[in-house]
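Note: the block below is query_8.cif and it holds mmCIF, C-alpha atoms.
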data_input
loop_
_atom_site.label_atom_id
_atom_site.label_comp_id
_atom_site.auth_asym_id
_atom_site.auth_seq_id
_atom_site.Cartn_x
_atom_site.Cartn_y
_atom_site.Cartn_z
CA MET P 28 -13.43 -37.46 -22.29
CA THR P 29 -9.95 -37.08 -20.96
CA SER P 30 -8.06 -33.95 -21.79
CA GLN P 31 -4.46 -34.31 -20.77
CA LEU P 32 -1.67 -32.04 -21.86
CA TYR P 33 1.31 -33.54 -23.62
CA PRO P 34 3.93 -34.59 -21.11
CA ARG P 35 6.54 -31.89 -20.74
CA ASP P 36 9.48 -32.43 -23.10
CA TRP P 37 12.32 -32.17 -20.59
CA SER P 38 14.96 -32.43 -23.34
CA ARG P 39 14.19 -28.81 -24.21
CA GLN P 40 13.82 -27.48 -20.68
CA PRO P 41 16.63 -26.43 -18.36
CA PRO P 42 17.32 -28.99 -15.63
CA ALA P 43 17.02 -27.78 -12.05
CA ASP P 44 20.74 -27.98 -11.26
CA THR P 45 22.93 -26.08 -13.72
CA PRO P 46 26.18 -25.49 -11.78
CA ASP P 47 27.44 -22.69 -14.04
CA TYR P 48 24.40 -20.71 -12.92
CA LEU P 49 25.60 -20.57 -9.33
CA THR P 50 22.33 -19.92 -7.54
CA THR P 51 20.83 -23.17 -8.81
CA ARG P 52 23.24 -25.19 -6.69
CA ALA P 53 21.37 -24.67 -3.43
CA ARG P 54 17.94 -24.10 -4.96
CA SER P 55 17.63 -27.18 -7.18
CA PRO P 56 15.68 -30.20 -5.92
CA LYS P 57 17.84 -33.32 -6.03
CA ARG P 58 15.11 -35.93 -6.16
CA LYS P 59 13.34 -36.93 -9.31
CA LEU P 60 10.04 -35.21 -9.94
CA ILE P 61 7.06 -37.42 -9.18
CA ALA P 62 4.74 -37.88 -12.17
CA LEU P 63 1.32 -36.53 -11.31
CA ALA P 64 -1.62 -37.31 -13.56
CA ASP P 65 -3.86 -34.59 -12.18
CA THR P 66 -6.55 -33.81 -14.71
CA ALA P 67 -7.61 -30.71 -12.79
CA LEU P 68 -4.23 -29.06 -13.38
CA HIS P 69 -4.58 -29.88 -17.08
CA THR P 70 -8.08 -28.50 -17.48
CA THR P 71 -8.39 -25.63 -14.99
CA GLY P 72 -6.46 -22.47 -14.26
CA PRO P 73 -7.03 -18.89 -13.22
CA ILE P 74 -9.10 -16.72 -15.54
CA PHE P 75 -8.44 -13.03 -16.09
CA ASN P 76 -10.49 -10.40 -17.82
CA ASN P 77 -10.30 -6.75 -18.72
CA ASP P 78 -11.49 -5.72 -15.26
CA ASP P 79 -8.16 -6.99 -13.93
CA LEU P 80 -6.17 -4.66 -16.17
CA GLY P 81 -5.76 -0.97 -16.86
CA SER P 82 -6.11 0.24 -20.43
CA ASP P 83 -2.46 1.33 -20.68
CA ASP P 84 -0.89 -1.55 -18.77
CA TRP P 85 0.48 -2.86 -22.09
CA ASP P 86 2.42 0.33 -22.84
CA LEU P 87 5.63 0.44 -20.81
CA LEU P 88 6.67 3.58 -22.67
CA THR P 89 3.99 5.58 -20.88
CA ASN P 90 2.39 3.46 -18.13
CA PHE P 91 4.69 4.87 -15.46
CA ALA P 92 5.59 8.15 -17.14
CA ALA P 93 4.57 11.63 -16.07
CA PRO P 94 1.90 13.16 -18.32
CA GLY P 95 3.46 14.07 -21.66
CA GLU P 96 6.68 12.20 -20.93
CA THR P 97 7.95 8.83 -22.09
CA ALA P 98 10.63 6.41 -20.98
CA ILE P 99 14.13 7.02 -22.38
CA GLY P 100 15.61 4.57 -24.85
CA PRO P 101 15.11 3.02 -28.27
CA ARG P 102 11.39 2.71 -28.85
CA LEU P 103 10.46 -0.95 -29.19
CA LEU P 104 7.36 -2.96 -30.03
CA ILE P 105 7.63 -6.57 -28.86
CA HIS P 106 4.78 -8.65 -30.18
CA GLY P 107 3.77 -12.15 -31.15
CA ARG P 108 1.30 -14.91 -30.51
CA VAL P 109 0.69 -17.30 -27.67
CA LEU P 110 0.09 -20.73 -29.20
CA ASP P 111 -0.06 -24.26 -27.90
CA GLU P 112 1.91 -27.26 -29.09
CA ASN P 113 -0.99 -28.13 -31.36
CA GLY P 114 -0.47 -24.81 -33.15
CA ARG P 115 -3.71 -23.38 -31.83
CA ALA P 116 -4.03 -19.81 -30.63
CA VAL P 117 -4.38 -19.32 -26.87
CA PRO P 118 -6.86 -16.43 -26.65
CA GLY P 119 -7.75 -14.34 -23.61
CA THR P 120 -4.78 -15.37 -21.53
CA LEU P 121 -2.78 -13.07 -19.30
CA VAL P 122 0.72 -12.16 -20.47
CA GLU P 123 2.89 -10.17 -18.09
CA CYS P 124 6.36 -8.79 -18.75
CA TRP P 125 9.11 -7.01 -16.88
CA GLN P 126 12.51 -5.68 -17.84
CA ALA P 127 15.43 -3.40 -17.07
CA ASN P 128 15.42 0.10 -18.49
CA ALA P 129 17.54 1.15 -21.48
CA GLY P 130 20.58 1.46 -19.20
CA GLY P 131 20.18 -2.03 -17.78
CA ARG P 132 18.76 -0.89 -14.42
CA TYR P 133 15.70 -2.39 -12.78
CA ARG P 134 13.23 -0.42 -10.73
CA HIS P 135 13.59 -2.78 -7.77
CA LYS P 136 14.70 -2.14 -4.23
CA VAL P 137 17.39 -4.83 -4.50
CA ASP P 138 18.98 -3.56 -7.74
CA THR P 139 21.97 -1.30 -7.04
CA TYR P 140 23.56 -1.19 -10.50
CA LEU P 141 25.38 2.07 -11.39
CA ALA P 142 23.07 2.89 -14.29
CA PRO P 143 20.34 5.35 -13.28
CA ILE P 144 16.67 4.71 -12.71
CA ASP P 145 14.54 6.27 -15.44
CA PRO P 146 11.91 8.32 -13.62
CA ASN P 147 9.44 7.65 -16.43
CA PHE P 148 9.92 3.91 -16.64
CA GLY P 149 8.37 1.32 -14.33
CA GLY P 150 9.47 -1.68 -16.34
CA CYS P 151 6.39 -3.87 -16.25
CA GLY P 152 3.39 -4.48 -18.47
CA ARG P 153 0.48 -6.85 -18.80
CA THR P 154 -2.14 -7.63 -21.39
CA LEU P 155 -4.63 -10.27 -22.48
CA THR P 156 -4.12 -12.09 -25.77
CA ASP P 157 -6.75 -11.41 -28.43
CA ALA P 158 -8.89 -13.99 -30.22
CA GLU P 159 -5.91 -15.04 -32.37
CA GLY P 160 -3.60 -15.32 -29.37
CA ARG P 161 -1.81 -12.07 -30.22
CA TYR P 162 -0.17 -9.83 -27.63
CA ARG P 163 1.96 -6.71 -27.89
CA PHE P 164 3.92 -4.45 -25.57
CA ARG P 165 5.31 -1.04 -26.39
CA THR P 166 8.45 -0.36 -24.44
CA VAL P 167 12.11 0.60 -24.73
CA GLN P 168 14.93 -1.72 -25.72
CA PRO P 169 16.31 -3.02 -22.41
CA GLY P 170 20.04 -2.74 -21.81
CA PRO P 171 22.43 -5.53 -20.82
CA TYR P 172 23.72 -5.43 -17.26
CA PRO P 173 26.30 -7.14 -15.04
CA TRP P 174 25.21 -9.83 -12.61
CA PRO P 175 27.06 -11.55 -9.77
CA ASN P 176 27.59 -14.99 -11.29
CA GLY P 177 31.32 -14.57 -11.81
CA PRO P 178 34.01 -11.89 -11.96
CA ASN P 179 32.72 -10.42 -15.25
CA THR P 180 29.32 -11.79 -16.17
CA TRP P 181 26.65 -9.92 -18.10
CA ARG P 182 23.06 -10.71 -18.91
CA PRO P 183 22.07 -10.29 -22.55
CA ALA P 184 19.34 -7.72 -23.07
CA HIS P 185 16.07 -9.45 -22.27
CA ILE P 186 12.43 -9.09 -21.38
CA HIS P 187 10.89 -11.50 -18.86
CA PHE P 188 7.55 -13.04 -19.84
CA SER P 189 4.96 -14.75 -17.66
CA VAL P 190 2.11 -16.62 -19.35
CA PHE P 191 -0.82 -18.57 -17.93
CA GLY P 192 -2.58 -20.43 -20.73
CA HIS P 193 -5.86 -22.10 -19.82
CA ALA P 194 -4.57 -24.69 -17.38
CA PHE P 195 -2.33 -24.35 -14.36
CA ALA P 196 0.00 -27.02 -15.77
CA GLN P 197 0.69 -24.71 -18.74
CA ARG P 198 2.05 -21.96 -16.47
CA LEU P 199 5.32 -20.63 -17.87
CA ILE P 200 7.89 -17.97 -17.09
CA THR P 201 10.65 -17.33 -19.58
CA GLN P 202 12.89 -14.62 -21.02
CA CYS P 203 13.01 -13.20 -24.52
CA TYR P 204 16.36 -12.23 -25.99
CA PHE P 205 17.15 -10.23 -29.13
CA GLU P 206 18.76 -11.71 -32.22
CA GLY P 207 22.39 -10.82 -32.70
CA ASP P 208 23.13 -10.05 -29.05
CA PRO P 209 26.71 -11.28 -28.42
CA PHE P 210 25.95 -11.86 -24.74
CA ILE P 211 23.42 -14.64 -25.49
CA PRO P 212 25.96 -17.49 -25.92
CA LEU P 213 27.96 -16.28 -22.91
CA CYS P 214 25.11 -16.31 -20.40
CA ALA P 215 24.88 -19.14 -17.86
CA ILE P 216 21.11 -18.71 -17.57
CA VAL P 217 20.69 -19.13 -21.33
CA LYS P 218 23.14 -22.04 -21.35
CA ALA P 219 21.02 -23.83 -18.76
CA ILE P 220 18.80 -24.74 -21.72
CA PRO P 221 20.14 -27.97 -23.26
CA SER P 222 18.82 -27.33 -26.77
CA ALA P 223 20.17 -24.75 -29.25
CA GLU P 224 16.83 -24.85 -31.05
CA ALA P 225 15.04 -24.04 -27.81
CA VAL P 226 17.38 -21.09 -27.23
CA ASP P 227 16.61 -19.86 -30.72
CA GLY P 228 12.94 -20.04 -29.77
CA LEU P 229 13.66 -17.49 -27.02
CA THR P 230 15.37 -15.11 -29.43
CA ALA P 231 13.10 -12.40 -30.76
CA LYS P 232 13.55 -11.58 -34.43
CA LEU P 233 13.55 -8.15 -36.01
CA ASP P 234 10.16 -7.72 -37.70
CA MET P 235 10.47 -5.02 -40.36
CA ALA P 236 6.87 -5.58 -41.48
CA ALA P 237 5.62 -4.53 -38.05
CA THR P 238 8.15 -1.75 -37.55
CA ILE P 239 6.45 1.65 -37.51
CA PRO P 240 8.35 3.97 -39.91
CA HIS P 241 9.99 6.96 -38.22
CA ASP P 242 8.63 5.74 -34.89
CA THR P 243 9.25 2.28 -33.37
CA VAL P 244 11.29 -0.84 -34.16
CA ALA P 245 9.39 -4.13 -33.87
CA TYR P 246 10.57 -7.55 -32.73
CA ARG P 247 8.56 -10.74 -32.93
CA PHE P 248 8.43 -13.27 -30.10
CA ASP P 249 5.99 -16.20 -30.13
CA ILE P 250 5.35 -18.28 -27.02
CA VAL P 251 4.31 -21.94 -27.15
CA LEU P 252 2.51 -23.54 -24.21
CA ARG P 253 1.85 -27.23 -23.70
CA GLY P 254 -0.87 -28.61 -25.97
CA ARG P 255 -3.49 -31.29 -25.59
CA SER P 256 -2.83 -34.90 -26.46
CA ALA P 257 -6.36 -36.14 -25.89
CA THR P 258 -8.57 -37.49 -28.58
CA PHE P 259 -11.93 -35.81 -28.72
CA PHE P 260 -15.18 -35.84 -30.62
CA GLU P 261 -15.53 -33.38 -33.46
CA ASN P 262 -18.96 -32.31 -32.29
CA LYS P 263 -17.81 -31.80 -28.72
CA PRO P 264 -15.23 -29.03 -28.68
CA GLU P 265 -12.32 -29.26 -26.35
CA GLY P 266 -13.02 -27.83 -22.95
CA SER P 267 -16.76 -28.47 -23.06
CA MET M 10 -13.17 -38.39 -33.50
CA ARG M 11 -9.61 -37.36 -34.26
CA SER M 12 -6.31 -36.98 -32.51
CA ASN M 13 -4.58 -33.74 -31.87
CA THR M 14 -1.17 -33.39 -33.41
CA LYS M 15 1.88 -31.93 -31.74
CA LEU M 16 3.22 -29.42 -34.21
CA GLN M 17 5.74 -27.45 -32.19
CA PRO M 18 7.53 -27.79 -28.85
CA GLU M 19 6.82 -25.87 -25.68
CA THR M 20 8.86 -22.70 -25.20
CA ALA M 21 11.81 -23.19 -22.86
CA SER M 22 11.52 -21.89 -19.32
CA GLN M 23 13.95 -19.41 -17.84
CA THR M 24 14.33 -18.39 -14.23
CA ALA M 25 12.01 -15.71 -12.91
CA GLY M 26 15.14 -14.07 -11.52
CA PRO M 27 15.57 -11.67 -8.61
CA TYR M 28 13.40 -8.96 -10.14
CA VAL M 29 10.27 -11.06 -10.72
CA HIS M 30 8.38 -8.75 -8.38
CA ILE M 31 8.58 -5.87 -10.86
CA GLY M 32 6.42 -7.79 -13.26
CA LEU M 33 4.21 -9.86 -11.01
CA ALA M 34 4.07 -7.93 -7.73
CA PRO M 35 5.35 -4.39 -8.33
CA GLN M 36 4.42 -3.16 -4.88
CA ALA M 37 6.88 -5.65 -3.44
CA ALA M 38 9.53 -4.27 -5.80
CA GLY M 39 8.86 -0.86 -4.29
CA PHE M 40 6.50 1.01 -6.58
CA ASP M 41 2.84 1.47 -7.41
CA ILE M 42 1.80 1.15 -11.02
CA TYR M 43 -1.30 -1.00 -11.44
CA ASP M 44 -4.73 -0.01 -10.20
CA VAL M 45 -5.69 -3.64 -9.66
CA ALA M 46 -3.28 -5.95 -7.89
CA SER M 47 -3.43 -9.58 -8.95
CA GLY M 48 -3.62 -12.59 -6.70
CA ALA M 49 -4.04 -10.94 -3.31
CA ASP M 50 -7.55 -12.25 -2.62
CA ILE M 51 -7.88 -15.99 -3.23
CA ALA M 52 -11.31 -16.82 -1.88
CA GLY M 53 -13.20 -13.53 -1.98
CA PRO M 54 -15.61 -12.25 0.68
CA ASP M 55 -18.47 -14.69 0.07
CA ALA M 56 -16.64 -18.02 -0.04
CA LYS M 57 -18.08 -20.91 1.91
CA GLY M 58 -15.92 -23.09 4.09
CA ASP M 59 -13.36 -22.71 6.82
CA ARG M 60 -11.26 -19.55 6.68
CA ILE M 61 -7.61 -20.32 7.24
CA ARG M 62 -4.18 -18.78 7.00
CA VAL M 63 -1.12 -20.63 5.75
CA GLU M 64 2.39 -19.44 6.60
CA GLY M 65 5.76 -20.83 5.68
CA THR M 66 9.26 -20.41 4.41
CA VAL M 67 11.03 -21.91 1.42
CA TRP M 68 14.44 -23.23 2.49
CA ASP M 69 17.43 -23.78 0.23
CA GLY M 70 19.97 -26.59 0.48
CA ASP M 71 22.16 -24.57 2.82
CA GLY M 72 19.29 -24.11 5.26
CA VAL M 73 18.90 -20.48 4.25
CA PRO M 74 15.44 -19.00 3.63
CA VAL M 75 14.70 -18.20 0.00
CA LYS M 76 13.94 -14.53 0.58
CA ASP M 77 12.98 -13.65 -2.98
CA VAL M 78 10.53 -16.45 -3.72
CA LEU M 79 7.20 -15.98 -5.46
CA ILE M 80 4.52 -18.63 -5.07
CA GLU M 81 1.25 -19.03 -6.92
CA THR M 82 -1.59 -21.10 -5.51
CA TRP M 83 -4.49 -22.85 -7.23
CA GLN M 84 -7.37 -24.57 -5.50
CA ALA M 85 -11.02 -25.52 -5.68
CA ASN M 86 -13.67 -23.96 -3.46
CA ALA M 87 -15.19 -25.68 -0.45
CA ASP M 88 -17.45 -27.68 -2.78
CA GLY M 89 -14.48 -28.98 -4.76
CA VAL M 90 -15.25 -26.80 -7.78
CA PHE M 91 -12.61 -24.73 -9.55
CA ALA M 92 -13.36 -21.22 -10.77
CA GLY M 93 -14.10 -21.47 -14.48
CA GLN M 94 -15.14 -25.09 -14.16
CA GLY M 95 -18.54 -24.61 -12.54
CA ALA M 96 -20.50 -22.30 -10.28
CA VAL M 97 -18.43 -20.80 -7.49
CA GLU M 98 -19.11 -17.97 -5.08
CA ALA M 99 -18.87 -14.44 -6.50
CA GLY M 100 -15.32 -13.24 -5.98
CA PHE M 101 -13.88 -16.73 -5.56
CA ARG M 102 -10.83 -17.06 -7.83
CA GLY M 103 -8.97 -19.90 -6.23
CA TRP M 104 -5.72 -18.36 -7.39
CA GLY M 105 -3.20 -16.53 -5.30
CA ARG M 106 0.16 -14.89 -5.77
CA ILE M 107 2.36 -14.66 -2.69
CA VAL M 108 5.68 -12.93 -2.17
CA SER M 109 8.01 -13.63 0.74
CA ASP M 110 9.32 -10.98 3.09
CA PHE M 111 12.67 -9.92 1.64
CA ASP M 112 14.28 -9.79 5.10
CA THR M 113 13.04 -13.06 6.56
CA GLY M 114 11.76 -15.21 3.69
CA GLU M 115 8.45 -15.70 5.52
CA TRP M 116 5.27 -15.73 3.45
CA GLY M 117 1.61 -16.32 4.12
CA PHE M 118 -1.80 -16.37 2.48
CA ASP M 119 -5.42 -16.38 3.53
CA THR M 120 -7.95 -18.68 1.92
CA VAL M 121 -10.60 -21.32 2.66
CA ILE M 122 -10.02 -25.05 2.91
CA PRO M 123 -10.94 -26.51 -0.48
CA GLY M 124 -13.24 -29.49 -0.85
CA PRO M 125 -12.06 -32.85 -2.13
CA VAL M 126 -11.64 -33.07 -5.91
CA ALA M 127 -12.01 -36.26 -7.93
CA GLY M 128 -11.36 -38.60 -5.01
CA GLN M 129 -8.38 -36.62 -3.76
CA ALA M 130 -8.11 -35.17 -0.29
CA PRO M 131 -8.37 -31.38 0.07
CA HIS M 132 -5.22 -29.71 -1.14
CA VAL M 133 -3.82 -26.52 -2.64
CA SER M 134 -1.50 -26.69 -5.64
CA LEU M 135 1.57 -24.47 -5.38
CA TRP M 136 3.91 -23.24 -8.10
CA ILE M 137 7.23 -21.84 -6.95
CA VAL M 138 9.56 -19.55 -8.88
CA ALA M 139 12.66 -17.60 -7.88
CA ARG M 140 16.18 -16.70 -8.85
CA GLY M 141 18.09 -19.98 -9.14
CA ILE M 142 14.99 -21.98 -10.07
CA ASN M 143 15.21 -22.66 -13.81
CA ILE M 144 11.67 -23.94 -14.20
CA GLY M 145 8.75 -23.43 -11.84
CA LEU M 146 8.30 -26.14 -9.20
CA HIS M 147 4.89 -27.73 -8.68
CA THR M 148 3.95 -29.12 -5.30
CA ARG M 149 0.86 -29.59 -3.14
CA LEU M 150 -0.20 -28.57 0.32
CA TYR M 151 -2.50 -31.00 2.13
CA PHE M 152 -4.19 -30.24 5.44
CA ALA M 153 -3.99 -33.76 6.83
CA ASP M 154 -2.58 -37.12 5.88
CA ASP M 155 -5.21 -39.25 4.16
CA PRO M 156 -4.49 -42.82 3.11
CA SER M 157 -7.37 -42.72 0.65
CA ASP M 158 -5.69 -39.98 -1.36
CA PRO M 159 -4.06 -41.57 -4.43
CA VAL M 160 -1.18 -39.09 -4.57
CA LEU M 161 -0.28 -39.32 -0.89
CA SER M 162 -0.70 -43.08 -0.70
CA ALA M 163 1.77 -43.59 -3.55
CA LEU M 164 4.52 -41.88 -1.53
CA ASP M 165 6.62 -43.28 1.28
CA PRO M 166 5.84 -41.80 4.72
CA ALA M 167 8.81 -39.42 4.78
CA ALA M 168 8.00 -38.01 1.35
CA ARG M 169 4.31 -37.81 2.19
CA ALA M 170 5.07 -35.79 5.30
CA THR M 171 6.64 -33.03 3.20
CA LEU M 172 3.22 -32.28 1.67
CA ILE M 173 1.22 -31.96 4.86
CA ALA M 174 0.79 -28.65 6.61
CA THR M 175 0.73 -28.49 10.40
CA GLU M 176 -2.10 -26.71 12.20
CA THR M 177 -0.28 -24.66 14.82
CA ALA M 178 -3.30 -22.75 16.08
CA PRO M 179 -6.98 -22.92 15.14
CA GLY M 180 -7.15 -21.95 11.46
CA LEU M 181 -3.42 -21.32 11.18
CA TYR M 182 -1.29 -23.76 9.20
CA ARG M 183 2.48 -23.96 8.83
CA PHE M 184 3.97 -25.24 5.56
CA ASP M 185 7.71 -25.15 5.08
CA ILE M 186 9.12 -26.10 1.70
CA HIS M 187 12.61 -27.59 1.45
CA LEU M 188 14.29 -27.40 -1.94
CA GLN M 189 17.00 -29.89 -0.95
CA GLY M 190 18.15 -32.04 1.96
CA ALA M 191 16.73 -34.80 4.11
CA ARG M 192 13.33 -33.11 4.17
CA GLU M 193 13.28 -32.20 0.47
CA THR M 194 9.71 -31.48 -0.51
CA VAL M 195 8.06 -33.67 -3.13
CA PHE M 196 7.83 -31.81 -6.43
CA PHE M 197 5.69 -33.03 -9.27
CA ASP M 198 6.01 -33.42 -13.02
CA VAL M 199 2.50 -32.31 -13.84
#

What's the C-alpha cells form of this structure?
Amino acid sequence: MTSQLYPRDWSRQPPADTPDYLTTRARSPKRKLIALADTALHTTGPIFNNDDLGSDDWDLLTNFAAPGETAIGPRLLIHGRVLDENGRAVPGTLVECWQANAGGRYRHKVDTYLAPIDPNFGGCGRTLTDAEGRYRFRTVQPGPYPWPNGPNTWRPAHIHFSVFGHAFAQRLITQCYFEGDPFIPLCAIVKAIPSAEAVDGLTAKLDMAATIPHDTVAYRFDIVLRGRSATFFENKPEGS
Amino acid sequence: MRSNTKLQPETASQTAGPYVHIGLAPQAAGFDIYDVASGADIAGPDAKGDRIRVEGTVWDGDGVPVKDVLIETWQANADGVFAGQGAVEAGFRGWGRIVSDFDTGEWGFDTVIPGPVAGQAPHVSLWIVARGINIGLHTRLYFADDPSDPVLSALDPAARATLIATETAPGLYRFDIHLQGARETVFFDV
C-alpha cells in the first residue's frame, strides 16, 4: 500500500520571494524546488504525548502569571479543529501558539517596541488535539504592532500557530488573524499569499456559540493539513 | 477499496517570524515557562549507532548568517526505523528542534547517524523556518556522497554537494545551508 499525501497546492501558498515583504529578498531560494517522493516523510513524523506537556500549557491567561493573577487584555478563547484535506480529524497532534500581548509587545529579547511587557503574560501555549481534532487556547486578544518593513507598517493582530500532523511533510506554521481587522489587507506578510480564499482561511471568525457569557469572547480557527491521496483497502485502515 | 477525496485545501503558510522562539523555544527568547523542553534530545541515552555532532550556519543571499533561524530535524535510528513506525530504543525520538545563536547564526545538534531507509543512504531531513521564509524549507543532510542513493544520483554534482556534510573532526560534521547564490542548497517539494 502506498500512502502519499496530496501534492502541495502551491497556488494557495505564498511563494518564497515576495518583494513587498522585504526580508524575503535575501532569504528566498531562487531555484525550483526538487520534487521528492519520499514515502517516509509522508507516513512518519514526531509523536508527542501528555508527558511532553504541562496541564496548563494551553492557558496563556495564567501559564506565566503569578498565583492569583492573569494577563491583562480582552479575554479570548481561540479554538477550532485540525483536519486534513480529506476532512478527517487529526487527533493527538501537537499545536503550539505564540503571540504579542494586548499592547502588541512580545516577550522576546529582540523586541524593543514601546508598549510594555505584561509581567503576567509569557505569550506561548501548546496542547494536543483531542480525538475529534479539537484544540483550544485561552489567552488575551493580541494587539497590532509596528514592524520595520516600511516607514509606517503594522502587523494585524495575530496568533502564530505551529502544527505537526502525523507526517513530517504535513508540518505547518501559519498565523491566525481576526475578522474585521483593517490591517489585514495592508500587511505584506498576508499579501504574500496569492489567494483571497486562502487568506480568509487564516481569518478567525467570532464564535458567539462558544463565547462564555460575562467571561470570554471566542473565535474559531480551523487548520487544514495535507491529506492522503492513496487508495486503500477498507479492511486495512490507513496507517496500518 | 476506495479512493480518498480531497474536500478542502491545505491552510496557507505564513512566516514563523522573528519571535518564533517564544512559541517553539521560549528559553531562547529569554524566559522559562515550560517544564519540559521539546526537541533538545534527538536520540536519547540508549540509542545505538555512532554519536555525532552536526554544526552549521544558514546563509542568506547577501552572505549574512541567518541569526534567527529555527531548524527541525527528522531521522530514523541506526537500524533505519523511525520512531512510531517500529521498535526503536527507549528515548529515541528522531526529532530535534535547533535554534541558532542570535549573535553568530551558528547552530548545532547531537544525534546518531541514522541507518539507510528504503534504499536511500543515511540522511537527516531538515525543515527550516525563519523571518523572511514564507513557507518552511525542506532539505536533507547526507553524511557522504553515495551514487546508489536515488535522490543524490538524480542531482548534478554541484547540487548534490550542497546536501553532503563534511566531517571536520571525528564525529563532528559541518553543514552550511545557503538560501541563495552559487552554492544554493537543494530544497525539496515533499

For the atom pair atom CA of M:Val126 and atom CA of M:Leu33, what is the interatomic distance in Å to one decimal place?
28.6 Å

Please enumerate the residues selected by the PyMOL selection byres ((chain P) within 7 of (chain M)) when evaluated against the supplied file, formatted as a VMD selection string.
chain P and resid 39 to 43 50 to 51 53 to 57 60 to 65 71 73 to 74 79 to 81 91 112 to 114 123 to 125 135 to 136 150 to 152 196 199 to 202 225 228 250 to 253 255 to 261

The distance between atom CA of P:Thr139 and atom CA of P:Asn90 is 23.0 Å

Could you state the separation of atom CA of P:Arg35 and atom CA of P:His106 in Å, given to one decimal place?
25.1 Å

Which residue is closest to M:Pro156? Choose from M:Ala56, M:Ala168, M:Ala130, M:Ala99 and count all atoms listed in the file.
M:Ala130

Can I get a file of stretch 157-180 of chain M from the given structure, C-alpha atoms kept, as a CSV table (one decimal), in the first residue's frame?
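Final file, out09.csv:
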chain,number,residue,atom,x,y,z
M,157,SER,CA,23.3,4.4,-5.2
M,158,ASP,CA,21.1,6.9,-3.4
M,159,PRO,CA,18.2,7.7,-5.8
M,160,VAL,CA,17.8,11.3,-4.5
M,161,LEU,CA,21.5,12.2,-4.8
M,162,SER,CA,22.0,10.4,-8.1
M,163,ALA,CA,19.2,12.5,-9.7
M,164,LEU,CA,21.1,15.7,-9.0
M,165,ASP,CA,24.0,17.2,-10.8
M,166,PRO,CA,27.3,17.2,-8.9
M,167,ALA,CA,27.2,20.8,-7.7
M,168,ALA,CA,23.6,20.5,-6.4
M,169,ARG,CA,24.4,17.1,-4.8
M,170,ALA,CA,27.4,18.7,-3.0
M,171,THR,CA,25.0,21.1,-1.2
M,172,LEU,CA,23.4,18.1,0.7
M,173,ILE,CA,26.6,16.5,2.0
M,174,ALA,CA,28.0,17.4,5.3
M,175,THR,CA,31.8,17.5,5.8
M,176,GLU,CA,33.4,15.6,8.7
M,177,THR,CA,35.8,18.1,10.1
M,178,ALA,CA,36.9,16.0,13.1
M,179,PRO,CA,36.0,12.5,14.2
M,180,GLY,CA,32.2,12.6,14.9
